[in-house]
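Student: Enclosed is the structure file entry-v6.cif (mmCIF, C-alpha atoms).
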```cif
data_start
loop_
_atom_site.group_PDB
_atom_site.id
_atom_site.type_symbol
_atom_site.label_atom_id
_atom_site.label_comp_id
_atom_site.auth_asym_id
_atom_site.auth_seq_id
_atom_site.Cartn_x
_atom_site.Cartn_y
_atom_site.Cartn_z
ATOM 1 C CA MET A 105 0.000 0.000 0.000
ATOM 2 C CA GLY A 106 1.221 3.462 -0.788
ATOM 3 C CA ALA A 107 0.712 6.934 0.662
ATOM 4 C CA GLU A 108 -2.441 7.338 -1.427
ATOM 5 C CA SER A 109 -3.933 4.306 0.313
ATOM 6 C CA ILE A 110 -3.112 5.746 3.728
ATOM 7 C CA SER A 111 -5.042 8.900 2.833
ATOM 8 C CA THR A 112 -8.100 6.845 1.886
ATOM 9 C CA LEU A 113 -7.954 5.024 5.233
ATOM 10 C CA ARG A 114 -8.056 8.204 7.323
ATOM 11 C CA GLY A 115 -11.378 9.086 8.858
ATOM 12 C CA ARG A 116 -13.922 8.262 11.521
ATOM 13 C CA TYR A 117 -14.176 4.712 12.807
ATOM 14 C CA LEU A 118 -16.590 2.958 15.108
ATOM 15 C CA ILE A 119 -14.369 1.104 17.573
ATOM 16 C CA PHE A 120 -15.616 -2.185 19.018
ATOM 17 C CA HIS A 121 -14.208 -5.241 20.700
ATOM 18 C CA LEU A 122 -14.375 -8.974 20.271
ATOM 19 C CA TRP A 123 -12.919 -11.299 22.822
ATOM 20 C CA GLU A 124 -9.556 -9.734 23.719
ATOM 21 C CA ARG A 125 -9.095 -7.665 20.547
ATOM 22 C CA THR A 126 -10.158 -4.232 19.355
ATOM 23 C CA TYR A 127 -11.473 -3.518 15.871
ATOM 24 C CA GLY A 128 -12.851 -0.612 13.897
ATOM 25 C CA VAL A 129 -15.078 -0.068 10.867
ATOM 26 C CA PRO A 130 -15.515 3.211 8.994
ATOM 27 C CA THR A 131 -18.567 5.057 10.332
ATOM 28 C CA ARG A 132 -19.785 5.677 6.769
ATOM 29 C CA TYR A 133 -20.780 1.983 6.703
ATOM 30 C CA VAL A 134 -22.625 1.996 10.033
ATOM 31 C CA GLU A 135 -26.369 2.490 9.660
ATOM 32 C CA GLU A 136 -27.250 1.923 13.307
ATOM 33 C CA ILE A 137 -26.390 -0.018 16.434
ATOM 34 C CA VAL A 138 -29.179 -2.115 17.912
ATOM 35 C CA PRO A 139 -29.344 -4.443 20.912
ATOM 36 C CA THR A 140 -29.484 -8.143 20.213
ATOM 37 C CA ALA A 141 -32.994 -9.279 19.485
ATOM 38 C CA GLU A 142 -34.424 -12.681 18.739
ATOM 39 C CA LEU A 143 -32.828 -13.998 15.585
ATOM 40 C CA PHE A 144 -34.461 -16.572 13.402
ATOM 41 C CA PRO A 145 -32.248 -19.289 11.941
ATOM 42 C CA VAL A 146 -32.362 -20.717 8.430
ATOM 43 C CA PRO A 147 -31.562 -24.392 7.820
ATOM 44 C CA GLY A 148 -28.325 -24.989 5.941
ATOM 45 C CA ALA A 149 -26.754 -21.720 7.030
ATOM 46 C CA PRO A 150 -22.964 -21.477 7.378
ATOM 47 C CA ALA A 151 -21.644 -21.455 10.959
ATOM 48 C CA PHE A 152 -20.724 -17.748 10.874
ATOM 49 C CA LEU A 153 -24.355 -16.796 10.158
ATOM 50 C CA ALA A 154 -25.995 -16.313 13.561
ATOM 51 C CA GLY A 155 -29.429 -15.890 11.982
ATOM 52 C CA PHE A 156 -31.631 -13.170 10.550
ATOM 53 C CA LEU A 157 -33.022 -10.073 12.177
ATOM 54 C CA ASP A 158 -36.321 -8.497 11.123
ATOM 55 C CA VAL A 159 -35.598 -4.790 10.669
ATOM 56 C CA GLY A 160 -38.718 -3.011 9.503
ATOM 57 C CA GLY A 161 -39.956 -6.030 7.577
ATOM 58 C CA GLN A 162 -36.597 -6.678 5.903
ATOM 59 C CA CYS A 163 -34.433 -9.673 6.826
ATOM 60 C CA VAL A 164 -30.904 -8.640 7.719
ATOM 61 C CA ALA A 165 -28.239 -11.352 7.987
ATOM 62 C CA VAL A 166 -26.412 -11.308 11.334
ATOM 63 C CA ILE A 167 -22.779 -12.339 11.032
ATOM 64 C CA SER A 168 -21.018 -13.619 14.143
ATOM 65 C CA LEU A 169 -17.580 -12.058 13.808
ATOM 66 C CA ARG A 170 -16.346 -14.346 16.594
ATOM 67 C CA ARG A 171 -17.217 -17.431 14.553
ATOM 68 C CA LEU A 172 -16.019 -15.927 11.282
ATOM 69 C CA LEU A 173 -12.643 -15.011 12.776
ATOM 70 C CA GLY A 174 -12.225 -18.337 14.606
ATOM 71 C CA MET A 175 -12.683 -16.995 18.141
ATOM 72 C CA PRO A 176 -14.451 -18.833 20.940
ATOM 73 C CA ASP A 177 -18.214 -18.331 20.858
ATOM 74 C CA CYS A 178 -20.033 -16.635 23.718
ATOM 75 C CA GLU A 179 -23.657 -16.312 24.712
ATOM 76 C CA ALA A 180 -25.269 -13.071 23.561
ATOM 77 C CA ASP A 181 -27.156 -11.129 26.193
ATOM 78 C CA LEU A 182 -29.595 -8.228 26.198
ATOM 79 C CA TYR A 183 -26.769 -5.696 25.853
ATOM 80 C CA THR A 184 -24.839 -7.399 23.065
ATOM 81 C CA PRO A 185 -24.792 -4.903 20.182
ATOM 82 C CA LEU A 186 -25.442 -5.575 16.521
ATOM 83 C CA LEU A 187 -23.848 -3.189 14.039
ATOM 84 C CA ILE A 188 -26.145 -2.823 11.039
ATOM 85 C CA LEU A 189 -24.040 -1.969 8.026
ATOM 86 C CA LYS A 190 -25.052 -0.091 4.887
ATOM 87 C CA GLY A 191 -23.344 0.642 1.591
ATOM 88 C CA LEU A 192 -22.729 -3.049 0.850
ATOM 89 C CA PRO A 193 -24.415 -5.225 -1.791
ATOM 90 C CA GLN A 194 -26.807 -6.265 1.001
ATOM 91 C CA ARG A 195 -27.442 -5.006 4.502
ATOM 92 C CA LEU A 196 -25.587 -7.013 7.125
ATOM 93 C CA ALA A 197 -25.407 -6.894 10.884
ATOM 94 C CA LEU A 198 -22.229 -7.751 12.760
ATOM 95 C CA ALA A 199 -22.559 -9.320 16.199
ATOM 96 C CA VAL A 200 -19.813 -7.844 18.380
ATOM 97 C CA ASP A 201 -19.056 -7.998 22.101
ATOM 98 C CA GLY A 202 -19.266 -4.277 22.755
ATOM 99 C CA VAL A 203 -18.938 -0.857 21.175
ATOM 100 C CA THR A 204 -16.311 1.428 22.664
ATOM 101 C CA ARG A 205 -16.415 4.761 20.842
ATOM 102 C CA ILE A 206 -16.057 6.681 17.620
ATOM 103 C CA ALA A 207 -12.513 7.815 16.849
ATOM 104 C CA ASP A 208 -10.955 10.037 14.232
ATOM 105 C CA ILE A 209 -7.920 8.209 12.892
ATOM 106 C CA GLY A 210 -5.279 10.157 11.014
ATOM 107 C CA GLY A 211 -2.361 9.039 8.905
ATOM 108 C CA ASP A 212 0.087 9.176 11.813
ATOM 109 C CA GLU A 213 -1.811 6.440 13.670
ATOM 110 C CA LEU A 214 -2.156 4.123 10.658
ATOM 111 C CA ILE A 215 -0.040 1.172 9.636
ATOM 112 C CA PRO A 216 -1.247 -0.364 6.351
ATOM 113 C CA ALA A 217 -1.960 -4.083 6.380
ATOM 114 C CA ILE A 218 0.172 -6.232 4.130
ATOM 115 C CA ASP A 219 -1.811 -7.851 1.323
ATOM 116 C CA GLY A 220 -2.768 -11.382 2.304
ATOM 117 C CA CYS A 221 -2.335 -10.846 6.057
ATOM 118 C CA SER A 222 -6.005 -11.544 6.771
ATOM 119 C CA LEU A 223 -8.828 -13.603 5.346
ATOM 120 C CA ASN A 224 -9.987 -11.915 2.139
ATOM 121 C CA ASP A 225 -7.792 -8.939 3.116
ATOM 122 C CA CYS A 226 -10.602 -7.719 5.384
ATOM 123 C CA ALA A 227 -8.014 -6.041 7.649
ATOM 124 C CA SER A 228 -7.128 -2.889 5.745
ATOM 125 C CA ALA A 229 -4.848 -1.321 8.365
ATOM 126 C CA PHE A 230 -3.832 -1.234 11.986
ATOM 127 C CA ALA A 231 -3.989 1.819 14.214
ATOM 128 C CA ARG A 232 -2.689 2.789 17.621
ATOM 129 C CA LEU A 233 -5.307 4.547 19.776
ATOM 130 C CA ASP A 234 -4.403 5.523 23.322
ATOM 131 C CA GLY A 235 -1.682 2.864 23.309
ATOM 132 C CA GLU A 236 -4.064 0.150 22.128
ATOM 133 C CA ALA A 237 -3.719 -1.739 18.837
ATOM 134 C CA VAL A 238 -6.847 -1.586 16.669
ATOM 135 C CA VAL A 239 -7.498 -3.722 13.582
ATOM 136 C CA LEU A 240 -9.372 -1.656 10.976
ATOM 137 C CA LEU A 241 -11.733 -3.757 8.880
ATOM 138 C CA SER A 242 -13.048 -3.201 5.365
ATOM 139 C CA PRO A 243 -16.756 -4.132 5.595
ATOM 140 C CA GLU A 244 -16.990 -4.914 1.890
ATOM 141 C CA ARG A 245 -14.349 -7.634 2.306
ATOM 142 C CA ILE A 246 -15.501 -9.265 5.547
ATOM 143 C CA LEU A 247 -17.205 -12.051 3.599
ATOM 144 C CA LEU A 248 -15.730 -13.901 0.650
ATOM 145 C CA GLU A 249 -17.636 -13.632 -2.628
ATOM 146 C CA GLN A 250 -19.049 -17.170 -2.266
ATOM 147 C CA GLU A 251 -20.137 -16.373 1.300
ATOM 148 C CA GLN A 252 -21.869 -13.195 0.128
ATOM 149 C CA LYS A 253 -23.773 -15.160 -2.508
ATOM 150 C CA ARG A 254 -24.826 -17.847 -0.001
ATOM 151 C CA VAL A 255 -25.959 -15.251 2.539
ATOM 152 C CA ALA A 256 -27.951 -13.451 -0.187
ATOM 153 C CA GLN A 257 -29.688 -16.736 -1.140
ATOM 154 C CA LEU A 258 -30.521 -17.476 2.490
ATOM 155 C CA ALA A 259 -31.730 -13.899 3.025
ATOM 156 C CA GLU A 260 -34.147 -14.347 0.143
ATOM 157 C CA LEU A 261 -35.502 -17.551 1.721
ATOM 158 C CA ALA A 262 -35.764 -15.865 5.108
ATOM 159 C CA GLN A 263 -37.618 -12.930 3.520
ATOM 160 C CA GLN A 264 -40.102 -15.355 1.930
ATOM 161 C CA ARG A 265 -40.672 -17.042 5.304
ATOM 162 C CA LEU A 266 -41.156 -13.699 7.001
ATOM 163 C CA ALA A 267 -43.746 -12.720 4.364
ATOM 164 C CA GLU A 268 -45.577 -16.025 4.897
ATOM 165 C CA VAL A 269 -45.635 -15.533 8.665
ATOM 166 C CA GLU A 270 -46.984 -12.001 8.252
ATOM 167 C CA THR A 271 -49.689 -13.276 5.880
ATOM 168 C CA VAL A 272 -50.754 -15.998 8.340
ATOM 169 C CA ALA A 273 -50.753 -13.503 11.232
ATOM 170 C CA LYS A 274 -53.229 -11.208 9.439
#
```
Translate the structure of the given file into structure tokens.
Tutor:
Amino acid sequence: MGAESISTLRGRYLIFHLWERTYGVPTRYVEEIVPTAELFPVPGAPAFLAGFLDVGGQCVAVISLRRLLGMPDCEADLYTPLLILKGLPQRLALAVDGVTRIADIGGDELIPAIDGCSLNDCASAFARLDGEAVVLLSPERILLEQEQKRVAQLAELAQQRLAEVETVAK
């Protein structure tokens, strides 16, 4: 990565944690943060897919970053946040352990990630905030292309089921 890439990485990040690590995503991708609600599963879903969340009548896939990144699973509670992302081919929610803050990250705090250092190059850079190492993620690369396609197929099925349930409830 060159200096031009560093300039594109500068900006505001939502900082969150998983297990014993700290991560960030650009705030331009964050639509909202919601508490964990009841998720409905879909048969045949990959392990990283925690289920689907009904957000205003639209099914949003909830990705367990712990599972996706190979971390030990933990039980979600009432205060476990879901980060609903926008600006991607489909809306996704990321299940995280907790949200810390929003931080402005400048070029001096950034260390570009080496290509191939993370799955699908989803880690775009590393930053140092208040002496803490933060992995900055690229939301558009969190899932592999095949995973995105599978999640989209399952979201369509979940949407059909949700429509059927709403029809029966009327």
Student: Can you pull out every residue within 6 Å of segment 116-128 of chain A, counting all atoms listed in the file, but drop anything in the same chain fewer than 3 positions away, and send it as a PyMOL selection string?
Tutor: chain A and resi 131+200-208+238-240
Student: Counting only C-alpha atoms, which of A:Gly148, A:Pro193, A:Pro130, A:Pro139 gets nearest to Leu241 of chain A?
Tutor: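 Among the listed residues, the smallest separation from Leu241 of chain A belongs to A:Pro130.
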Student: Please indicate the distance in Å from atom CA of Gln264 of chain A to atom CA of Cys163 of chain A, rounded to one decimal place.
Tutor: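 Separation between atom CA of Gln264 of chain A and atom CA of Cys163 of chain A: 9.4 Å.
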Student: Enclose segment 231-247 of chain A, meaning all of its atoms listed in the file, in a box aligned along x, y and z, pad it by 5 Å on each side, and list the centre and edge lengths in Å to one decimal, as JSON.
Tutor:
```
{"center_x": -9.4, "center_y": -3.3, "center_z": 12.6, "size_x": 25.5, "size_y": 27.6, "size_z": 31.4}
```
Student: How many Å separate atom CA of Ala165 of chain A from atom CA of Val138 of chain A?
Tutor: 13.6 Å
Student: To one decimal in Å, tell me the separation between atom CA of Arg254 of chain A and atom CA of Thr271 of chain A.
Tutor: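 That distance, rounded to one decimal, is 26.0 Å.
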Student: From the set A:Pro147, A:Pro216, A:Gly210, A:Pro176, which residue has the shortest atom-to-atom contact distance to Gly115 of chain A, counting all atoms listed in the file?
Tutor: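 Closest candidate: A:Gly210.
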Student: Would you list the contacts of Ala259 of chain A as number ranges by chain, taking every protein, DNA or RNA residue within 12 Å and counting all atoms listed in the file, but skipping same-chain residues closer than 6 positions in sequence?
Tutor: A: 144-149, 153, 155-158, 162-166, 194-196, 251-253, 265-266
Student: Identify which of the residues A:Glu213, A:Ile218, A:Ala154, A:Glu135 lies closest to Glu236 of chain A, counting all atoms listed in the file when measuring atom-to-atom distances.
Tutor: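 For Glu236 of chain A, the nearest of the given residues is A:Glu213.
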Student: Which residue gives the smallest distance to Cys226 of chain A among A:Val129, A:Leu189, A:Leu182, A:Gly160, with only C-alpha atoms counted?
Tutor: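 For Cys226 of chain A, the nearest of the given residues is A:Val129.
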Student: Point out the residue among A:Leu258, A:Ala151, A:Ile215, A:Val134 with the least atom-to-atom distance to Phe230 of chain A, counting all atoms listed in the file.
Tutor: A:Ile215
Student: Looking at all atoms listed in the file, which of A:Ala231, A:Tyr133, A:Leu247, A:Leu143 is the one that sits closest to Leu173 of chain A?
Tutor: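 Using all atoms listed in the file, Leu173 of chain A sits closest to A:Leu247.
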Student: Can you sort out segment 247-261 of chain A so it carries N, CA, C and O atoms, written as a PDB file, keeping the file's coordinate frame?
Tutor:
```pdb
ATOM      1  N   LEU A 247     -16.799 -10.747   4.128  1.00  0.00           N
ATOM      2  CA  LEU A 247     -17.205 -12.051   3.599  1.00  0.00           C
ATOM      3  C   LEU A 247     -16.569 -12.282   2.237  1.00  0.00           C
ATOM      4  O   LEU A 247     -16.426 -11.351   1.445  1.00  0.00           O
ATOM      5  N   LEU A 248     -16.210 -13.521   1.976  1.00  0.00           N
ATOM      6  CA  LEU A 248     -15.730 -13.901   0.650  1.00  0.00           C
ATOM      7  C   LEU A 248     -16.891 -13.819  -0.335  1.00  0.00           C
ATOM      8  O   LEU A 248     -18.066 -13.856   0.058  1.00  0.00           O
ATOM      9  N   GLU A 249     -16.593 -13.757  -1.604  1.00  0.00           N
ATOM     10  CA  GLU A 249     -17.636 -13.632  -2.628  1.00  0.00           C
ATOM     11  C   GLU A 249     -18.646 -14.778  -2.547  1.00  0.00           C
ATOM     12  O   GLU A 249     -19.854 -14.566  -2.611  1.00  0.00           O
ATOM     13  N   GLN A 250     -18.145 -16.013  -2.367  1.00  0.00           N
ATOM     14  CA  GLN A 250     -19.049 -17.170  -2.266  1.00  0.00           C
ATOM     15  C   GLN A 250     -19.936 -17.055  -1.029  1.00  0.00           C
ATOM     16  O   GLN A 250     -21.100 -17.443  -1.055  1.00  0.00           O
ATOM     17  N   GLU A 251     -19.360 -16.547   0.073  1.00  0.00           N
ATOM     18  CA  GLU A 251     -20.137 -16.373   1.300  1.00  0.00           C
ATOM     19  C   GLU A 251     -21.222 -15.318   1.101  1.00  0.00           C
ATOM     20  O   GLU A 251     -22.347 -15.492   1.561  1.00  0.00           O
ATOM     21  N   GLN A 252     -20.887 -14.245   0.407  1.00  0.00           N
ATOM     22  CA  GLN A 252     -21.869 -13.195   0.128  1.00  0.00           C
ATOM     23  C   GLN A 252     -23.035 -13.754  -0.678  1.00  0.00           C
ATOM     24  O   GLN A 252     -24.201 -13.465  -0.384  1.00  0.00           O
ATOM     25  N   LYS A 253     -22.725 -14.568  -1.672  1.00  0.00           N
ATOM     26  CA  LYS A 253     -23.773 -15.160  -2.508  1.00  0.00           C
ATOM     27  C   LYS A 253     -24.663 -16.079  -1.680  1.00  0.00           C
ATOM     28  O   LYS A 253     -25.888 -16.062  -1.815  1.00  0.00           O
ATOM     29  N   ARG A 254     -24.045 -16.912  -0.836  1.00  0.00           N
ATOM     30  CA  ARG A 254     -24.826 -17.847  -0.001  1.00  0.00           C
ATOM     31  C   ARG A 254     -25.710 -17.088   0.980  1.00  0.00           C
ATOM     32  O   ARG A 254     -26.885 -17.431   1.165  1.00  0.00           O
ATOM     33  N   VAL A 255     -25.177 -16.053   1.597  1.00  0.00           N
ATOM     34  CA  VAL A 255     -25.959 -15.251   2.539  1.00  0.00           C
ATOM     35  C   VAL A 255     -27.116 -14.575   1.807  1.00  0.00           C
ATOM     36  O   VAL A 255     -28.241 -14.516   2.319  1.00  0.00           O
ATOM     37  N   ALA A 256     -26.884 -14.090   0.594  1.00  0.00           N
ATOM     38  CA  ALA A 256     -27.951 -13.451  -0.187  1.00  0.00           C
ATOM     39  C   ALA A 256     -29.062 -14.461  -0.505  1.00  0.00           C
ATOM     40  O   ALA A 256     -30.253 -14.128  -0.418  1.00  0.00           O
ATOM     41  N   GLN A 257     -28.691 -15.698  -0.864  1.00  0.00           N
ATOM     42  CA  GLN A 257     -29.688 -16.736  -1.140  1.00  0.00           C
ATOM     43  C   GLN A 257     -30.511 -17.036   0.109  1.00  0.00           C
ATOM     44  O   GLN A 257     -31.736 -17.141   0.052  1.00  0.00           O
ATOM     45  N   LEU A 258     -29.828 -17.175   1.240  1.00  0.00           N
ATOM     46  CA  LEU A 258     -30.521 -17.476   2.490  1.00  0.00           C
ATOM     47  C   LEU A 258     -31.386 -16.303   2.932  1.00  0.00           C
ATOM     48  O   LEU A 258     -32.470 -16.501   3.486  1.00  0.00           O
ATOM     49  N   ALA A 259     -30.935 -15.080   2.684  1.00  0.00           N
ATOM     50  CA  ALA A 259     -31.730 -13.899   3.025  1.00  0.00           C
ATOM     51  C   ALA A 259     -33.027 -13.874   2.228  1.00  0.00           C
ATOM     52  O   ALA A 259     -34.088 -13.515   2.748  1.00  0.00           O
ATOM     53  N   GLU A 260     -32.945 -14.285   0.977  1.00  0.00           N
ATOM     54  CA  GLU A 260     -34.147 -14.347   0.143  1.00  0.00           C
ATOM     55  C   GLU A 260     -35.138 -15.374   0.706  1.00  0.00           C
ATOM     56  O   GLU A 260     -36.335 -15.102   0.798  1.00  0.00           O
ATOM     57  N   LEU A 261     -34.633 -16.534   1.106  1.00  0.00           N
ATOM     58  CA  LEU A 261     -35.502 -17.551   1.721  1.00  0.00           C
ATOM     59  C   LEU A 261     -36.102 -17.043   3.027  1.00  0.00           C
ATOM     60  O   LEU A 261     -37.289 -17.236   3.296  1.00  0.00           O
TER      61      LEU A 261
END
```
